[in-house]
$ cat upload.tsv   # TSV, C-alpha atoms and all ligand atoms
chain	number	residue	atom	x	y	z
A	97	MET	CA	36.54	12.71	68.94
A	98	MET	CA	36.78	14.46	72.33
A	99	SER	CA	39.60	16.64	71.07
A	100	TRP	CA	37.39	17.72	68.15
A	101	ILE	CA	34.57	18.60	70.51
A	102	PHE	CA	36.83	20.59	72.83
A	103	GLY	CA	38.58	22.23	69.88
A	104	LEU	CA	35.30	23.28	68.29
A	105	LEU	CA	33.95	24.52	71.61
A	106	ALA	CA	37.11	26.56	72.21
A	107	LEU	CA	36.73	28.12	68.76
A	108	ALA	CA	33.03	28.79	69.35
A	109	VAL	CA	33.76	30.48	72.68
A	110	GLY	CA	36.52	32.53	71.04
A	111	ILE	CA	34.20	33.70	68.24
A	112	ALA	CA	31.39	34.38	70.73
A	113	ASN	CA	33.83	36.43	72.79
A	114	ILE	CA	34.67	38.64	69.85
A	115	ALA	CA	31.04	38.96	68.69
A	116	TRP	CA	29.77	39.63	72.19
A	117	LYS	CA	32.40	42.12	73.12
A	118	ARG	CA	32.19	44.07	69.88
A	119	ALA	CA	28.44	44.06	69.42
A	120	LEU	CA	26.70	43.41	72.68
A	121	PRO	CA	26.81	46.04	75.34
A	122	LEU	CA	26.61	43.54	78.20
A	123	PRO	CA	29.08	41.87	80.49
A	124	LEU	CA	30.20	38.53	79.08
A	125	PRO	CA	28.16	35.60	80.42
A	126	PHE	CA	30.12	33.33	82.71
A	127	LEU	CA	30.38	30.51	80.15
A	128	LEU	CA	31.78	32.81	77.48
A	129	ARG	CA	34.64	34.24	79.52
A	130	PRO	CA	38.05	34.00	77.81
A	131	TRP	CA	39.31	31.60	80.47
A	132	VAL	CA	36.65	29.10	79.34
A	133	ALA	CA	38.23	29.13	75.85
A	134	ALA	CA	41.62	28.63	77.50
A	135	VAL	CA	40.38	25.63	79.52
A	136	LEU	CA	38.70	24.12	76.46
A	137	SER	CA	41.88	24.60	74.45
A	138	VAL	CA	43.89	22.84	77.15
A	139	PHE	CA	41.39	19.96	77.17
A	140	ALA	CA	41.53	19.75	73.39
A	141	GLY	CA	45.33	19.78	73.55
A	142	ALA	CA	45.35	17.11	76.26
A	143	CYS	CA	43.06	14.88	74.22
A	144	TRP	CA	45.21	15.53	71.16
A	145	VAL	CA	48.36	14.56	73.00
A	146	GLY	CA	46.54	11.60	74.51
A	147	GLY	CA	45.31	10.74	71.05
A	148	SER	CA	42.39	8.95	72.65
A	149	GLU	CA	38.94	9.50	74.08
A	150	GLY	CA	40.13	10.80	77.40
A	151	TYR	CA	41.72	13.70	79.20
A	152	SER	CA	44.86	11.85	80.19
A	153	VAL	CA	48.15	12.86	78.65
A	154	ASP	CA	50.39	9.94	77.88
A	155	PRO	CA	53.87	11.30	77.13
A	156	SER	CA	54.85	8.01	75.52
A	157	GLN	CA	52.48	8.78	72.68
A	158	VAL	CA	53.75	12.27	71.98
A	159	ALA	CA	56.47	11.21	69.60
A	160	HIS	CA	54.06	8.97	67.79
A	161	ILE	CA	51.53	11.77	67.45
A	162	SER	CA	54.01	14.46	66.50
A	163	ALA	CA	54.06	12.87	63.12
A	164	GLY	CA	50.33	12.70	63.53
A	165	SER	CA	47.49	13.05	61.22
A	166	LYS	CA	46.32	16.23	59.59
A	167	GLN	CA	43.11	15.84	61.53
A	168	GLN	CA	44.87	16.11	64.85
A	169	ILE	CA	46.80	19.16	63.69
A	170	ALA	CA	43.49	20.70	62.62
A	171	VAL	CA	42.06	20.04	66.07
A	172	LEU	CA	44.98	21.76	67.74
A	173	ALA	CA	44.71	24.67	65.30
A	174	LEU	CA	41.02	25.01	66.17
A	175	ALA	CA	41.74	25.06	69.88
A	176	LEU	CA	44.57	27.56	69.48
A	177	ALA	CA	42.45	29.77	67.23
A	178	GLY	CA	39.72	29.76	69.89
A	179	LEU	CA	42.25	30.68	72.53
A	180	ALA	CA	43.76	33.42	70.36
A	181	LEU	CA	40.32	34.93	69.63
A	182	ALA	CA	39.45	34.86	73.31
A	183	CYS	CA	42.75	36.62	74.10
A	184	VAL	CA	42.12	39.28	71.45
A	185	ALA	CA	38.62	39.84	72.85
A	186	PHE	CA	40.04	40.01	76.34
A	187	ALA	CA	42.54	42.68	75.36
A	188	SER	CA	40.21	44.77	73.20
A	189	PRO	CA	37.96	47.56	74.47
A	190	SER	CA	34.58	45.98	74.96
A	191	SER	CA	31.15	47.51	75.10
A	192	ALA	CA	30.61	46.83	78.77
A	193	ALA	CA	33.59	45.14	80.30
A	194	GLN	CA	36.04	48.00	79.74
A	195	ARG	CA	35.14	49.67	82.97
A	196	ARG	CA	37.05	51.89	85.24
A	197	PRO	CA	37.35	50.75	88.79
A	198	LYS	CA	35.56	53.60	90.46
A	199	LYS	CA	31.86	54.02	89.76
A	200	MET	CA	30.47	57.50	89.30
A	201	ASP	CA	28.91	58.95	92.43
A	202	PHE	CA	26.50	61.78	91.68
A	203	ARG	CA	25.54	62.60	95.27
A	204	GLY	CA	26.00	66.28	96.04
A	205	ARG	CA	27.66	66.88	92.66
A	206	TRP	CA	26.41	68.89	89.71
A	207	VAL	CA	25.09	67.11	86.64
A	208	LEU	CA	24.01	68.86	83.44
A	209	VAL	CA	21.09	67.33	81.54
A	210	THR	CA	20.32	68.79	78.11
A	211	GLY	CA	16.79	68.27	76.84
A	212	ALA	CA	15.48	68.01	80.40
A	213	SER	CA	12.02	69.41	79.69
A	214	ALA	CA	10.55	66.18	78.31
A	215	GLY	CA	10.93	62.46	77.68
A	216	LEU	CA	14.16	60.73	78.53
A	217	GLY	CA	15.93	63.89	79.70
A	218	ARG	CA	13.21	64.65	82.23
A	219	GLU	CA	13.45	61.07	83.55
A	220	PHE	CA	17.24	61.35	83.77
A	221	ALA	CA	16.79	64.52	85.82
A	222	ARG	CA	14.14	62.99	88.09
A	223	GLN	CA	16.18	59.88	88.82
A	224	LEU	CA	19.44	61.80	89.25
A	225	ALA	CA	17.77	63.96	91.89
A	226	ARG	CA	15.63	61.35	93.65
A	227	ASP	CA	17.80	58.24	93.49
A	228	HIS	CA	21.28	59.72	93.28
A	229	GLY	CA	21.02	63.03	95.17
A	230	ALA	CA	22.60	64.98	92.30
A	231	ASN	CA	22.41	68.75	91.96
A	232	LEU	CA	21.08	69.53	88.52
A	233	ILE	CA	21.52	71.97	85.67
A	234	LEU	CA	18.45	71.53	83.50
A	235	LEU	CA	18.64	72.81	79.93
A	236	ALA	CA	15.95	73.10	77.24
A	237	ARG	CA	13.96	75.68	75.30
A	238	ARG	CA	10.65	75.45	77.21
A	239	LYS	CA	11.18	77.52	80.35
A	240	GLU	CA	7.82	76.69	81.95
A	241	ARG	CA	8.60	72.97	81.73
A	242	LEU	CA	11.97	73.52	83.37
A	243	ASP	CA	10.39	75.64	86.11
A	244	GLU	CA	7.87	72.86	86.80
A	245	LEU	CA	10.60	70.25	87.00
A	246	GLN	CA	12.74	72.46	89.22
A	247	ALA	CA	9.78	72.89	91.60
A	248	GLU	CA	9.23	69.12	91.57
A	249	LEU	CA	12.85	68.23	92.28
A	250	GLU	CA	14.01	70.84	94.80
A	251	PRO	CA	12.00	69.22	97.61
A	252	CYS	CA	14.27	66.14	97.10
A	253	GLY	CA	16.94	68.19	98.89
A	254	VAL	CA	19.03	68.94	95.82
A	255	GLN	CA	19.96	72.23	94.16
A	256	VAL	CA	18.55	72.86	90.70
A	257	ARG	CA	19.48	75.50	88.10
A	258	SER	CA	17.54	75.96	84.88
A	259	LEU	CA	19.09	77.25	81.69
A	260	VAL	CA	16.91	78.18	78.74
A	261	ALA	CA	18.66	77.83	75.40
A	262	ASP	CA	17.99	76.75	71.85
A	263	LEU	CA	20.82	74.37	71.04
A	264	SER	CA	20.26	74.79	67.31
A	265	LYS	CA	21.54	78.37	67.74
A	266	PRO	CA	25.31	78.68	68.15
A	267	ALA	CA	24.93	81.98	70.08
A	268	ASP	CA	22.70	80.26	72.67
A	269	VAL	CA	25.17	77.39	72.94
A	270	GLU	CA	28.06	79.77	73.67
A	271	GLN	CA	26.00	81.73	76.18
A	272	VAL	CA	24.94	78.72	78.26
A	273	LEU	CA	28.42	77.25	78.12
A	274	GLY	CA	29.69	80.52	79.56
A	275	GLU	CA	27.09	80.32	82.36
A	276	ILE	CA	28.00	76.69	83.10
A	277	LEU	CA	31.73	77.48	83.25
A	278	ALA	CA	31.03	80.40	85.59
A	279	GLY	CA	29.09	78.15	87.98
A	280	PRO	CA	30.12	75.31	90.27
A	281	PRO	CA	32.14	72.40	88.80
A	282	VAL	CA	30.07	70.06	86.65
A	283	TYR	CA	30.82	66.41	87.38
A	284	GLY	CA	28.43	64.75	84.94
A	285	VAL	CA	27.23	65.84	81.51
A	286	VAL	CA	24.23	64.12	79.91
A	287	LEU	CA	24.09	65.19	76.26
A	288	ASN	CA	20.52	64.14	75.62
A	289	ALA	CA	18.74	66.89	73.66
A	290	ALA	CA	17.95	65.93	70.09
A	291	VAL	CA	15.31	66.13	67.40
A	292	THR	CA	14.32	63.63	64.75
A	293	TYR	CA	12.75	63.61	61.33
A	294	PHE	CA	10.60	60.62	60.35
A	295	GLY	CA	9.55	60.54	56.71
A	296	PRO	CA	10.89	60.27	53.19
A	297	GLN	CA	14.11	62.16	52.64
A	298	GLU	CA	12.64	63.98	49.61
A	299	LYS	CA	10.15	65.72	51.94
A	300	LEU	CA	12.74	66.98	54.40
A	301	ASP	CA	13.10	70.73	54.05
A	302	PRO	CA	16.57	72.28	54.36
A	303	ARG	CA	15.72	74.30	57.50
A	304	THR	CA	14.53	71.22	59.41
A	305	PHE	CA	17.70	69.44	58.37
A	306	GLN	CA	19.87	72.35	59.50
A	307	THR	CA	18.10	72.45	62.88
A	308	LEU	CA	18.64	68.72	63.30
A	309	LEU	CA	22.29	69.00	62.36
A	310	ASP	CA	22.91	71.95	64.70
A	311	THR	CA	21.07	70.33	67.64
A	312	ASN	CA	22.16	66.71	67.31
A	313	VAL	CA	25.67	67.22	65.99
A	314	ALA	CA	27.17	70.73	66.25
A	315	SER	CA	25.96	71.51	69.78
A	316	VAL	CA	27.05	68.07	71.03
A	317	VAL	CA	30.58	68.57	69.72
A	318	ARG	CA	30.73	72.08	71.18
A	319	PHE	CA	29.47	70.97	74.61
A	320	ALA	CA	31.91	68.06	74.73
A	321	SER	CA	34.81	70.23	73.52
A	322	VAL	CA	34.24	72.81	76.25
A	323	LEU	CA	33.03	70.62	79.12
A	324	VAL	CA	35.52	67.73	78.90
A	325	PRO	CA	38.50	70.02	79.73
A	326	ASP	CA	36.39	71.67	82.43
A	327	ILE	CA	35.61	68.31	84.04
A	328	LEU	CA	39.28	67.38	83.89
A	329	ASN	CA	40.23	70.71	85.53
A	330	ARG	CA	37.52	71.06	88.11
A	331	ALA	CA	35.63	67.80	88.71
A	332	ALA	CA	37.82	64.79	89.34
A	333	SER	CA	36.58	61.47	87.92
A	334	GLY	CA	33.59	63.01	86.16
A	335	GLY	CA	32.02	61.75	82.98
A	336	VAL	CA	30.03	62.45	79.83
A	337	LEU	CA	27.00	60.45	78.73
A	338	PHE	CA	26.24	60.67	75.02
A	339	VAL	CA	22.59	59.79	74.50
A	340	SER	CA	22.65	58.21	71.09
A	341	SER	CA	20.38	55.58	69.53
A	342	VAL	CA	20.44	52.15	67.95
A	343	ALA	CA	19.61	54.15	64.81
A	344	GLY	CA	23.25	55.21	64.97
A	345	LEU	CA	24.47	51.62	64.94
A	346	GLN	CA	22.93	50.88	61.55
A	347	PRO	CA	21.17	52.92	58.85
A	348	ALA	CA	17.51	53.70	59.52
A	349	PRO	CA	15.73	54.57	56.26
A	350	TYR	CA	13.02	57.26	56.58
A	351	GLN	CA	15.01	58.54	59.55
A	352	SER	CA	18.16	58.77	57.48
A	353	VAL	CA	19.39	62.15	58.68
A	354	TYR	CA	18.59	61.35	62.32
A	355	SER	CA	20.31	57.99	61.94
A	356	GLY	CA	23.30	59.76	60.36
A	357	SER	CA	23.44	62.27	63.22
A	358	LYS	CA	23.48	59.45	65.78
A	359	ALA	CA	26.12	57.54	63.79
A	360	PHE	CA	28.19	60.73	63.97
A	361	MET	CA	27.60	60.90	67.72
A	362	ASN	CA	28.68	57.27	68.16
A	363	HIS	CA	31.89	57.73	66.19
A	364	PHE	CA	32.63	61.01	67.93
A	365	ALA	CA	32.06	59.48	71.37
A	366	PHE	CA	34.04	56.30	70.62
A	367	GLY	CA	36.90	58.41	69.27
A	368	LEU	CA	36.82	60.63	72.33
A	369	TRP	CA	36.82	57.55	74.57
A	370	HIS	CA	40.17	56.59	73.08
A	371	GLU	CA	41.60	60.10	73.20
A	372	LEU	CA	40.72	60.37	76.89
A	373	ARG	CA	41.69	56.85	77.83
A	374	GLY	CA	43.86	56.92	80.91
A	375	GLN	CA	42.65	60.37	81.98
A	376	ASP	CA	40.41	61.01	84.95
A	377	ILE	CA	37.13	61.11	83.03
A	378	SER	CA	34.79	58.57	81.44
A	379	VAL	CA	32.90	58.68	78.16
A	380	THR	CA	29.78	56.54	77.83
A	381	THR	CA	27.59	56.06	74.79
A	382	PHE	CA	24.01	55.08	75.51
A	383	ALA	CA	22.13	53.73	72.48
A	384	PRO	CA	18.51	52.93	73.24
A	385	GLY	CA	15.92	51.66	70.77
A	386	GLY	CA	12.44	53.21	70.64
A	387	ILE	CA	11.31	55.01	73.81
A	388	ASP	CA	7.85	56.22	74.71
A	389	THR	CA	8.38	60.01	74.66
A	390	GLU	CA	7.23	63.12	72.82
A	391	MET	CA	9.66	62.22	70.05
A	392	THR	CA	7.71	59.05	69.27
A	393	ALA	CA	4.29	60.55	70.02
A	394	LEU	CA	3.94	61.50	66.34
A	395	GLU	CA	1.12	59.65	64.64
A	396	SER	CA	3.52	58.07	62.15
A	397	PHE	CA	5.31	56.29	65.00
A	398	GLN	CA	2.11	54.74	66.39
A	399	PRO	CA	2.30	51.45	64.41
A	400	LEU	CA	5.69	50.94	66.10
A	401	ALA	CA	4.36	51.73	69.59
A	402	ALA	CA	4.58	48.12	70.79
A	403	TRP	CA	8.38	48.35	70.55
A	404	LEU	CA	8.71	51.41	72.75
A	405	MET	CA	10.42	51.22	76.15
A	406	PRO	CA	9.06	53.36	79.01
A	407	ALA	CA	11.20	56.48	79.45
A	408	ALA	CA	11.74	55.76	83.16
A	409	THR	CA	13.18	52.30	82.37
A	410	ALA	CA	15.45	53.68	79.65
A	411	ALA	CA	16.67	56.43	81.99
A	412	ARG	CA	17.38	53.95	84.80
A	413	LEU	CA	19.42	51.71	82.49
A	414	GLY	CA	21.21	54.70	80.96
A	415	LEU	CA	22.19	56.06	84.36
A	416	ARG	CA	23.41	52.63	85.43
A	417	ALA	CA	25.65	52.46	82.36
A	418	PHE	CA	26.85	56.02	83.03
A	419	GLN	CA	27.61	55.15	86.67
A	420	ARG	CA	29.50	52.03	85.65
A	421	ARG	CA	31.41	54.08	83.06
A	422	ASP	CA	30.47	51.69	80.25
A	423	TYR	CA	31.92	52.24	76.80
A	424	LEU	CA	28.64	51.51	74.99
A	425	TYR	CA	25.34	50.36	76.41
A	426	VAL	CA	22.24	49.30	74.51
A	427	PRO	CA	19.27	48.74	76.84
A	428	GLY	CA	16.80	45.87	76.41
A	429	PHE	CA	17.30	42.32	75.15
A	430	VAL	CA	15.59	42.89	71.78
A	431	ASN	CA	17.74	45.96	71.10
A	432	GLN	CA	20.85	44.07	72.18
A	433	LEU	CA	19.97	41.18	69.88
A	434	GLY	CA	19.34	43.69	67.08
A	435	ALA	CA	22.73	45.30	67.75
A	436	LEU	CA	24.37	41.88	67.53
A	437	LEU	CA	22.55	40.92	64.32
A	438	THR	CA	23.51	44.19	62.64
A	439	ARG	CA	27.12	43.17	63.26
A	440	ILE	CA	26.68	39.66	61.91
A	441	LEU	CA	24.14	39.96	59.08
A	442	PRO	CA	24.76	41.84	55.81
A	443	ARG	CA	24.07	45.54	56.29
A	444	ARG	CA	21.78	45.79	53.26
A	445	PHE	CA	19.62	42.95	54.57
A	446	VAL	CA	19.19	44.55	58.02
A	447	THR	CA	18.57	47.97	56.48
A	448	ALA	CA	15.90	46.48	54.20
A	449	LEU	CA	14.09	45.02	57.22
A	450	ILE	CA	14.08	48.39	58.98
A	451	ALA	CA	13.03	50.17	55.78
A	452	ARG	CA	10.08	47.79	55.42
A	453	ALA	CA	8.84	48.33	58.98
A	454	TYR	CA	9.22	52.12	58.76
A	455	ARG	CA	7.65	52.34	55.28
A	456	ARG	CA	4.64	50.36	56.50
A	457	ALA	CA	4.30	52.62	59.55
A	458	LEU	CA	4.41	55.71	57.34
A	459	GLU	CA	1.94	54.26	54.82
A	460	ALA	CA	-0.46	53.24	57.58
A	461	THR	CA	-0.56	56.78	58.92
A	462	THR	CA	-0.42	58.83	55.70
A	463	HIS	CA	-3.86	60.12	54.87
A	501	LIG	N1	12.34	58.48	71.78
A	501	LIG	C1	13.03	57.50	71.19
A	501	LIG	O1	12.47	56.55	70.63
A	501	LIG	C2	14.53	57.52	71.25
A	501	LIG	C3	15.20	56.37	70.85
A	501	LIG	C4	16.57	56.34	70.88
A	501	LIG	C5	17.27	57.46	71.30
A	501	LIG	N2	16.60	58.57	71.68
A	501	LIG	C6	17.38	59.73	72.09
A	501	LIG	O2	17.03	60.10	73.40
A	501	LIG	C7	17.21	61.51	73.56
A	501	LIG	C8	15.97	62.11	74.16
A	501	LIG	O3	14.91	61.90	73.27
A	501	LIG	P1	13.39	61.93	73.73
A	501	LIG	O4	12.74	60.79	73.10
A	501	LIG	O5	13.31	62.12	75.17
A	501	LIG	O6	12.93	63.24	72.96
A	501	LIG	P2	11.80	64.29	73.34
A	501	LIG	O7	10.77	63.71	74.20
A	501	LIG	O8	11.38	64.91	72.05
A	501	LIG	O9	12.63	65.37	74.19
A	501	LIG	C9	13.66	66.06	73.55
A	501	LIG	C10	14.27	67.04	74.53
A	501	LIG	O10	15.26	67.77	73.85
A	501	LIG	C11	14.99	69.14	73.98
A	501	LIG	N3	15.38	69.84	72.76
A	501	LIG	C12	15.05	69.56	71.50
A	501	LIG	N4	15.56	70.46	70.66
A	501	LIG	C13	16.24	71.34	71.43
A	501	LIG	C14	16.95	72.53	71.14
A	501	LIG	N5	17.09	73.01	69.90
A	501	LIG	N6	17.50	73.19	72.17
A	501	LIG	C15	17.37	72.76	73.43
A	501	LIG	N7	16.71	71.65	73.76
A	501	LIG	C16	16.13	70.97	72.76
A	501	LIG	C17	13.49	69.25	74.21
A	501	LIG	O11	13.19	70.38	74.99
A	501	LIG	P3	12.49	71.70	74.43
A	501	LIG	O12	11.54	71.31	73.36
A	501	LIG	O13	11.84	72.29	75.64
A	501	LIG	O14	13.62	72.54	73.95
A	501	LIG	C18	13.25	68.02	75.05
A	501	LIG	O15	13.51	68.30	76.39
A	501	LIG	C19	17.57	62.04	72.18
A	501	LIG	O16	18.96	62.17	72.08
A	501	LIG	C20	17.09	60.96	71.26
A	501	LIG	O17	17.82	60.94	70.05
A	501	LIG	C21	15.24	58.62	71.67

$ encode --input "upload.tsv" --output "structure tokens" --more "lines below"
Ligand SMILES: NC(=O)c1ccc[n+]([C@@H]2O[C@H](COP(=O)([O-])OP(=O)(O)OC[C@H]3O[C@@H](n4cnc5c(N)ncnc54)[C@H](OP(=O)(O)O)[C@@H]3O)[C@@H](O)[C@H]2O)c1
Amino acid sequence: MMSWIFGLLALAVGIANIAWKRALPLPLPFLLRPWVAAVLSVFAGACWVGGSEGYSVDPSQVAHISAGSKQQIAVLALALAGLALACVAFASPSSAAQRRPKKMDFRGRWVLVTGASAGLGREFARQLARDHGANLILLARRKERLDELQAELEPCGVQVRSLVADLSKPADVEQVLGEILAGPPVYGVVLNAAVTYFGPQEKLDPRTFQTLLDTNVASVVRFASVLVPDILNRAASGGVLFVSSVAGLQPAPYQSVYSGSKAFMNHFAFGLWHELRGQDISVTTFAPGGIDTEMTALESFQPLAAWLMPAATAARLGLRAFQRRDYLYVPGFVNQLGALLTRILPRRFVTALIARAYRRALEATTH
């Protein structure tokens, strides 16, 4: 009986290890660490060898048990499977645990924040200046907003540069990249600027789609392609933070193109993480759920307002993940649970739940 319990527990810990590491962007809880599966497997094995309700191993019984029952073999298989799963989880890149030893240190270094004129980007900039002493390159289209933020942050004792550019325009992208490369080394890059579309796909006009694609996808790839080599050349141990969304972890109907653009970003960032593994740079994907910003200030988002996280909280958690050089980080317990469930439950079921909530929000606000 005890061997069954230990065997099942070892298997459960092994499965939890895999699920947690693949889906949940958090460090493993103490009781789910792979060594716990190993200890449970040893206990199960000891009980199996003992063939009794205890931990003691009686070598005299080994021969007797080696011809043992199928049940005992099953117990051992369970325990070994748990151990094997825990080992696989231990060796695989995890969402949070695959960290590099040295944390990022922004003090006195230059960090670029795209989309710094509002919402999450503005909070990233504020916290980078106030709490981390980073020099900032602020980028967005609204110059007056950037000027205001620059005036707010310079008294923190940091240097601030503002770059006005429309990231949906390739010419603007090339121009600001040229200005960034001509300036001091950039240590951190926060690729945050993005736009969304919330509504039925049939009502999305081609120009809005093209703007979304150019801003959320094309400019992100271009910035990463140019700035990653620059960080490697000029700013030792720097990093890139991809500001994605939980909408990129599973389909989000009525935000289908936005969701697709964030799924692209996730795959791009995860791929890059592997390509750059072992080099002196980190790649972090930050995937928040709903945040209280201009993006969600649209009337159609209001029925979902209760789910929104304050921008300052999201920025603090995002910067912490960036500093720790996490692989993927989803902030907030509900979002983390959602990320786990999307891994475990059938995709169509999860997508139907999201579709229902979004459809209701749209119907409630369509006049
Ligand atoms: N809000 C949410 O619920 C939520 C949830 C998950 C993930 N996110 C992600 O978080 C990031 C920030 O979103 P947010 O909620 O803070 O959005 P937001 O309040 O709408 O701010 C978007 C920022 O991006 C800039 N931007 C937009 N289009 C641009 C363009 N073509 N060129 C240059 N800058 C541009 C805007 O500045 P200008 O208008 O001045 O150019 C603004 O500073 C995005 O990547 C978004 O996908 C948001």

$ residues_near_ligand --input "upload.tsv" --ligand "ligand LIG 501 (chain A)" --cutoff "6 Å" --atoms "only C-alpha atoms and all ligand atoms" --output "ChimeraX atom specification"
/A:211-217,236-238,261-264,288-291,311,339-341,384-392

$ residues_around --input "upload.tsv" --residues "A:Phe360" --least-positions-apart "4" --cutoff "8 Å" --atoms "only C-alpha atoms" --output "compact mmCIF listing (two decimals) with C-alpha atoms, keeping the file's coordinate frame"
# COMPACT_ATOMS: atom_id res chain seq x y z
CA VAL A 313 25.67 67.22 65.99
CA GLY A 344 23.25 55.21 64.97
CA GLY A 356 23.30 59.76 60.36
CA PHE A 364 32.63 61.01 67.93

$ closest_residue --input "upload.tsv" --among "A:Leu105, A:Gly229, A:Val353, A:Arg218" --to "A:Asp301" --atoms "all atoms listed in the file"
A:Val353

$ residues_near_point --input "upload.tsv" --point "(23.8, 66.3, 96.3)" --cutoff "9 Å" --atoms "all atoms listed in the file" --output "mmCIF file with C-alpha atoms, in the frame of the given file"
data_model
loop_
_atom_site.group_PDB
_atom_site.id
_atom_site.type_symbol
_atom_site.label_atom_id
_atom_site.label_comp_id
_atom_site.auth_asym_id
_atom_site.auth_seq_id
_atom_site.Cartn_x
_atom_site.Cartn_y
_atom_site.Cartn_z
ATOM 1 C CA PHE A 202 26.500 61.780 91.680
ATOM 2 C CA ARG A 203 25.540 62.600 95.270
ATOM 3 C CA GLY A 204 26.000 66.280 96.040
ATOM 4 C CA ARG A 205 27.660 66.880 92.660
ATOM 5 C CA TRP A 206 26.410 68.890 89.710
ATOM 6 C CA ALA A 225 17.770 63.960 91.890
ATOM 7 C CA HIS A 228 21.280 59.720 93.280
ATOM 8 C CA GLY A 229 21.020 63.030 95.170
ATOM 9 C CA ALA A 230 22.600 64.980 92.300
ATOM 10 C CA ASN A 231 22.410 68.750 91.960
ATOM 11 C CA LEU A 232 21.080 69.530 88.520
ATOM 12 C CA GLY A 253 16.940 68.190 98.890
ATOM 13 C CA VAL A 254 19.030 68.940 95.820
ATOM 14 C CA GLN A 255 19.960 72.230 94.160
#

$ closest_residue --input "upload.tsv" --among "A:Pro347, A:Pro266, A:Pro281, A:Gly141" --to "A:Ala106" --atoms "all atoms listed in the file"
A:Gly141

$ closest_residue --input "upload.tsv" --among "A:Val132, A:Leu300, A:Leu104, A:Met200" --to "A:Leu174" --atoms "only C-alpha atoms"
A:Leu104

$ closest_residue --input "upload.tsv" --among "A:Val285, A:Val209, A:Ala383, A:Ala115" --to "A:Val426" --atoms "all atoms listed in the file"
A:Ala383

$ atom_distance --input "upload.tsv" --atom1 "atom CA of A:Ala221" --atom2 "atom CA of A:Ala417"
15.4 Å

$ closest_residue --input "upload.tsv" --among "A:Asp243, A:Pro325, A:Leu208, A:Leu309" --to "A:Pro280" --atoms "only C-alpha atoms"
A:Leu208

$ closest_residue --input "upload.tsv" --among "A:Leu234, A:Glu275, A:Thr307, A:Val135" --to "A:Ala247" --atoms "only C-alpha atoms"
A:Leu234

$ closest_atom_pairs --input "upload.tsv" --of "stretch 265-346 of chain A" --to "stretch 395-401 of chain A" --cutoff "12 Å" --atoms "all atoms listed in the file" --output "tab-separated table"
residue	atom	partner	partner_atom	distance
A:Thr292	CA	A:Phe397	CA	11.6
A:Tyr293	CA	A:Ser396	CA	10.8
A:Phe294	CA	A:Ser396	CA	7.7
A:Gly295	CA	A:Ser396	CA	8.5
A:Pro296	CA	A:Ser396	CA	11.8

$ atom_distance --input "upload.tsv" --atom1 "atom CA of A:Arg373" --atom2 "atom CA of A:Lys358"
22.0 Å

$ residues_around --input "upload.tsv" --residues "A:Ser137" --least-positions-apart "6" --cutoff "9 Å" --atoms "only C-alpha atoms" --output "NGL selection string"
:A and (99 or 102-103 or 105-107 or 172 or 174-179)

$ atom_distance --input "upload.tsv" --atom1 "atom CA of A:Ala448" --atom2 "atom CA of A:Gln351"
13.2 Å

$ residues_around --input "upload.tsv" --residues "stretch 331-337 of chain A" --least-positions-apart "3" --cutoff "7 Å" --atoms "all atoms listed in the file" --output "short mmCIF file (atom, residue, chain, number, x, y, z; two decimals) with C-alpha atoms, in the frame of the given file"
data_model
loop_
_atom_site.label_atom_id
_atom_site.label_comp_id
_atom_site.auth_asym_id
_atom_site.auth_seq_id
_atom_site.Cartn_x
_atom_site.Cartn_y
_atom_site.Cartn_z
CA PRO A 281 32.14 72.40 88.80
CA VAL A 282 30.07 70.06 86.65
CA TYR A 283 30.82 66.41 87.38
CA GLY A 284 28.43 64.75 84.94
CA VAL A 285 27.23 65.84 81.51
CA VAL A 286 24.23 64.12 79.91
CA LEU A 287 24.09 65.19 76.26
CA ILE A 327 35.61 68.31 84.04
CA LEU A 328 39.28 67.38 83.89
CA ASP A 376 40.41 61.01 84.95
CA ILE A 377 37.13 61.11 83.03
CA SER A 378 34.79 58.57 81.44
CA VAL A 379 32.90 58.68 78.16
CA THR A 380 29.78 56.54 77.83
CA THR A 381 27.59 56.06 74.79
CA PHE A 382 24.01 55.08 75.51
CA PHE A 418 26.85 56.02 83.03
#

$ build_atoms --input "upload.tsv" --residues "stretch 281-286 of chain A" --atoms "N, CA and C atoms" --output "PDB file, in the frame of the given file"
ATOM      1  N   PRO A 281      31.612  73.436  89.702  1.00  0.00           N
ATOM      2  CA  PRO A 281      32.140  72.400  88.800  1.00  0.00           C
ATOM      3  C   PRO A 281      31.063  71.380  88.414  1.00  0.00           C
ATOM      4  N   VAL A 282      31.039  71.064  87.140  1.00  0.00           N
ATOM      5  CA  VAL A 282      30.070  70.060  86.650  1.00  0.00           C
ATOM      6  C   VAL A 282      30.777  68.712  86.591  1.00  0.00           C
ATOM      7  N   TYR A 283      30.205  67.739  87.270  1.00  0.00           N
ATOM      8  CA  TYR A 283      30.820  66.410  87.380  1.00  0.00           C
ATOM      9  C   TYR A 283      30.306  65.461  86.284  1.00  0.00           C
ATOM     10  N   GLY A 284      29.021  65.620  85.963  1.00  0.00           N
ATOM     11  CA  GLY A 284      28.430  64.750  84.940  1.00  0.00           C
ATOM     12  C   GLY A 284      27.728  65.556  83.878  1.00  0.00           C
ATOM     13  N   VAL A 285      27.888  65.147  82.620  1.00  0.00           N
ATOM     14  CA  VAL A 285      27.230  65.840  81.510  1.00  0.00           C
ATOM     15  C   VAL A 285      26.419  64.815  80.736  1.00  0.00           C
ATOM     16  N   VAL A 286      25.105  65.032  80.665  1.00  0.00           N
ATOM     17  CA  VAL A 286      24.230  64.120  79.910  1.00  0.00           C
ATOM     18  C   VAL A 286      23.790  64.860  78.650  1.00  0.00           C
TER      19      VAL A 286
END
